[in-house]
Amino acid sequence: MEILQTAHSYLAYVVLAILFIAVANAITGLMGNRMFTLEKDFRISLFALILSHIQLILGLILFFVSSNGFAAIKELGMGGLNSAARLLAVEHPFINIIAIILITIGWSRHKKFMEAKKKFKTIAIFYGLGLVLILSRIPWGQWFN
């Protein structure tokens with residue numbers, strides 16, 4: 001289980017980086033009136049989508065096998081969790097699932113548009129919201145200890 005925890009932690013850095021790149025690419029594409037290309041823009045967005053889903057799967061596995069997730073809720077109940085335990089057992093998984101849903105919606109919606117501006121705008125908004133939500137629920141105290 002420690003290997004899974006380590007993989008989840010290190011992949012988080014990669015996911016955050018590629019999400020930031022995808023959002024920055026979409027914003028610069030929108031502001032610069034660039035064409036949406038398959039070689040760059042499509043692949044960056046797709047890579048961010050795939051990596052975020054892999055991270056979600058690892059996180060869900062950890063939620064059910066780790067003592068910090070479902071086991072903590074089962075043992076202490078929702079009212080018995082302190083703020084650090086509540087962050088790991090409830091807030092982090094719930095908000096990150098919402099973030100991945102937003103990223104997935106952004107991916108699905110961008111494919112429906114033909115104009116580059118609409119594609120970039122959709123990715124910038126939905127991936128950006130997902131990135132902000134993910135950043136809001138990272139257990140920062142554990143990352144820097």
# chains A, B, ... in the order shown; residues from 1 in each chain; ligands from 1
>>> residues_around(residues="Leu76 in chain A", least_positions_apart="6", cutoff="12 Å", atoms="only C-alpha atoms", output="list in words")
Ser67, Asn68, Gly69, Phe70, Asn82, Ala85, Arg86 and Ala89 of chain A
>>> closest_atom_pairs(of="range 21-78 of chain A", to="range 108-115 of chain A", cutoff="10 Å", atoms="only C-alpha atoms", output="CSV")
residue,atom,partner,partner_atom,distance
A:Met35,CA,A:Glu115,CA,8.4
A:Phe36,CA,A:Glu115,CA,8.1
A:Phe42,CA,A:Lys111,CA,9.6
A:Ser45,CA,A:His110,CA,9.9
>>> closest_residue(among="A:Leu131, A:Met31, A:Leu62, A:Leu56", to="Thr6 in chain A", atoms="only C-alpha atoms")
A:Leu62
>>> atom_distance(atom1="CA of Gly130 in chain A", atom2="CA of Phe94 in chain A")
12.4 Å
>>> select_by_dssp(residues="range 69-110 of chain A", states="alpha helix (DSSP H)", output="MDAnalysis selection string")
chainID A and resid 70:76 83:86 92:110
>>> closest_atom_pairs(of="range 2-45 of chain A", to="range 139-143 of chain A", cutoff="12 Å", atoms="only C-alpha atoms", output="JSON lines")
{"residue": "A:Gln5", "atom": "CA", "partner": "A:Gln142", "partner_atom": "CA", "distance": 11.9}
{"residue": "A:Thr6", "atom": "CA", "partner": "A:Trp143", "partner_atom": "CA", "distance": 11.1}
{"residue": "A:His8", "atom": "CA", "partner": "A:Trp143", "partner_atom": "CA", "distance": 11.7}
{"residue": "A:Ser9", "atom": "CA", "partner": "A:Trp143", "partner_atom": "CA", "distance": 8.1}
{"residue": "A:Tyr10", "atom": "CA", "partner": "A:Trp143", "partner_atom": "CA", "distance": 9.9}
{"residue": "A:Ala12", "atom": "CA", "partner": "A:Trp143", "partner_atom": "CA", "distance": 10.4}
{"residue": "A:Tyr13", "atom": "CA", "partner": "A:Trp143", "partner_atom": "CA", "distance": 10.3}
>>> write_last_selection(atoms="C-alpha atoms", output="compact mmCIF listing (two decimals), in the first residue's frame")
# COMPACT_ATOMS: atom_id res chain seq x y z
CA GLN A 5 0.54 5.99 -1.74
CA THR A 6 3.93 7.06 -3.12
CA HIS A 8 -0.36 8.71 -5.96
CA SER A 9 1.74 11.43 -4.34
CA TYR A 10 4.36 11.70 -7.09
CA ALA A 12 0.04 14.38 -8.34
CA TYR A 13 3.00 16.63 -9.24
>>> residues_around(residues="Pro93 in chain A", least_positions_apart="4", cutoff="9 Å", atoms="only C-alpha atoms", output="list in words")
Leu56, Gly59, Leu60, Phe63, Gly69, Leu87, Leu88, Ala89, Ile97, Ile98 and Arg137 of chain A
>>> write_last_selection(atoms="N, CA and C atoms", output="mmCIF file, in the first residue's frame")
data_model
loop_
_atom_site.group_PDB
_atom_site.id
_atom_site.type_symbol
_atom_site.label_atom_id
_atom_site.label_comp_id
_atom_site.auth_asym_id
_atom_site.auth_seq_id
_atom_site.Cartn_x
_atom_site.Cartn_y
_atom_site.Cartn_z
ATOM 1 N N LEU A 56 -7.107 9.693 -10.404
ATOM 2 C CA LEU A 56 -8.379 9.427 -9.730
ATOM 3 C C LEU A 56 -8.503 7.947 -9.381
ATOM 4 N N GLY A 59 -6.299 7.187 -6.519
ATOM 5 C CA GLY A 59 -6.884 7.777 -5.317
ATOM 6 C C GLY A 59 -8.070 6.991 -4.786
ATOM 7 N N LEU A 60 -8.908 6.505 -5.678
ATOM 8 C CA LEU A 60 -10.060 5.707 -5.230
ATOM 9 C C LEU A 60 -9.622 4.378 -4.626
ATOM 10 N N PHE A 63 -8.405 5.216 -1.251
ATOM 11 C CA PHE A 63 -9.522 5.548 -0.370
ATOM 12 C C PHE A 63 -10.081 4.292 0.293
ATOM 13 N N GLY A 69 -8.880 6.701 4.652
ATOM 14 C CA GLY A 69 -10.061 6.919 3.823
ATOM 15 C C GLY A 69 -11.321 6.347 4.433
ATOM 16 N N LEU A 87 -10.201 16.066 5.927
ATOM 17 C CA LEU A 87 -9.631 16.459 4.635
ATOM 18 C C LEU A 87 -9.287 15.234 3.806
ATOM 19 N N LEU A 88 -8.615 14.252 4.419
ATOM 20 C CA LEU A 88 -8.189 13.056 3.685
ATOM 21 C C LEU A 88 -9.334 12.102 3.377
ATOM 22 N N ALA A 89 -10.279 11.980 4.289
ATOM 23 C CA ALA A 89 -11.327 10.978 4.136
ATOM 24 C C ALA A 89 -12.547 11.476 3.370
ATOM 25 N N ILE A 97 -13.046 14.386 -7.152
ATOM 26 C CA ILE A 97 -13.969 13.720 -8.082
ATOM 27 C C ILE A 97 -14.734 14.775 -8.883
ATOM 28 N N ILE A 98 -15.186 15.827 -8.216
ATOM 29 C CA ILE A 98 -15.866 16.919 -8.919
ATOM 30 C C ILE A 98 -14.915 17.569 -9.928
ATOM 31 N N ARG A 137 -7.819 21.308 -2.403
ATOM 32 C CA ARG A 137 -7.971 20.169 -1.490
ATOM 33 C C ARG A 137 -6.743 19.283 -1.399
#
>>> residues_around(residues="Val15 in chain A", least_positions_apart="4", cutoff="10 Å", atoms="only C-alpha atoms", output="compact mmCIF listing (two decimals) with N, CA, C and O atoms, in the first residue's frame")
# COMPACT_ATOMS: atom_id res chain seq x y z
N TYR A 10 3.47 11.19 -6.04
CA TYR A 10 4.36 11.70 -7.09
C TYR A 10 3.62 11.98 -8.39
O TYR A 10 3.96 12.93 -9.10
N LEU A 11 2.62 11.18 -8.70
CA LEU A 11 1.85 11.44 -9.91
C LEU A 11 1.07 12.75 -9.78
O LEU A 11 0.79 13.41 -10.78
N LEU A 19 -1.85 19.76 -16.07
CA LEU A 19 -3.09 20.54 -16.04
C LEU A 19 -2.78 22.03 -16.18
O LEU A 19 -3.47 22.75 -16.91
N PHE A 20 -1.75 22.47 -15.49
CA PHE A 20 -1.35 23.87 -15.61
C PHE A 20 -0.93 24.18 -17.05
O PHE A 20 -1.31 25.22 -17.60
N ILE A 21 -0.18 23.28 -17.65
CA ILE A 21 0.24 23.48 -19.05
C ILE A 21 -0.97 23.51 -19.98
O ILE A 21 -1.04 24.35 -20.89
N PHE A 47 -3.70 14.38 -22.82
CA PHE A 47 -2.74 13.88 -21.85
C PHE A 47 -3.14 14.30 -20.44
O PHE A 47 -3.07 13.51 -19.49
N ALA A 48 -3.60 15.55 -20.28
CA ALA A 48 -4.08 16.02 -18.98
C ALA A 48 -5.30 15.22 -18.53
O ALA A 48 -5.40 14.84 -17.35
N LEU A 49 -6.19 14.94 -19.45
CA LEU A 49 -7.39 14.15 -19.13
C LEU A 49 -7.00 12.74 -18.68
O LEU A 49 -7.47 12.26 -17.64
N ILE A 50 -6.14 12.09 -19.44
CA ILE A 50 -5.75 10.71 -19.12
C ILE A 50 -5.03 10.63 -17.79
O ILE A 50 -5.35 9.79 -16.95
N LEU A 51 -4.06 11.51 -17.57
CA LEU A 51 -3.32 11.48 -16.32
C LEU A 51 -4.20 11.79 -15.11
O LEU A 51 -4.04 11.18 -14.05
N SER A 52 -5.13 12.71 -15.27
CA SER A 52 -6.02 13.02 -14.14
C SER A 52 -6.94 11.84 -13.83
O SER A 52 -7.24 11.57 -12.66
N HIS A 53 -7.35 11.09 -14.85
CA HIS A 53 -8.17 9.90 -14.60
C HIS A 53 -7.36 8.78 -13.94
O HIS A 53 -7.87 8.07 -13.07
N ILE A 54 -6.12 8.62 -14.35
CA ILE A 54 -5.25 7.63 -13.70
C ILE A 54 -5.06 8.00 -12.23
O ILE A 54 -5.14 7.14 -11.34
N GLN A 55 -4.84 9.28 -11.97
CA GLN A 55 -4.68 9.75 -10.59
C GLN A 55 -5.96 9.49 -9.79
O GLN A 55 -5.90 9.10 -8.62
N LEU A 131 -8.49 22.42 -12.05
CA LEU A 131 -7.19 22.67 -11.44
C LEU A 131 -7.33 23.44 -10.13
O LEU A 131 -6.69 23.09 -9.13
N ILE A 134 -8.67 21.08 -7.45
CA ILE A 134 -7.63 20.15 -7.01
C ILE A 134 -6.64 20.85 -6.09
O ILE A 134 -6.28 20.32 -5.03
>>> atom_distance(atom1="CA of Leu102 in chain A", atom2="CA of Ala26 in chain A")
15.4 Å
>>> closest_residue(among="A:Ile44, A:Leu81, A:Leu4, A:Ile125", to="Ile18 in chain A", atoms="only C-alpha atoms")
A:Ile44
>>> atom_distance(atom1="CA of Ile123 in chain A", atom2="CA of Glu39 in chain A")
16.1 Å
>>> residues_around(residues="Ser136 in chain A", least_positions_apart="6", cutoff="10 Å", atoms="only C-alpha atoms", output="number ranges by chain")
A: 91-92, 95-96, 130
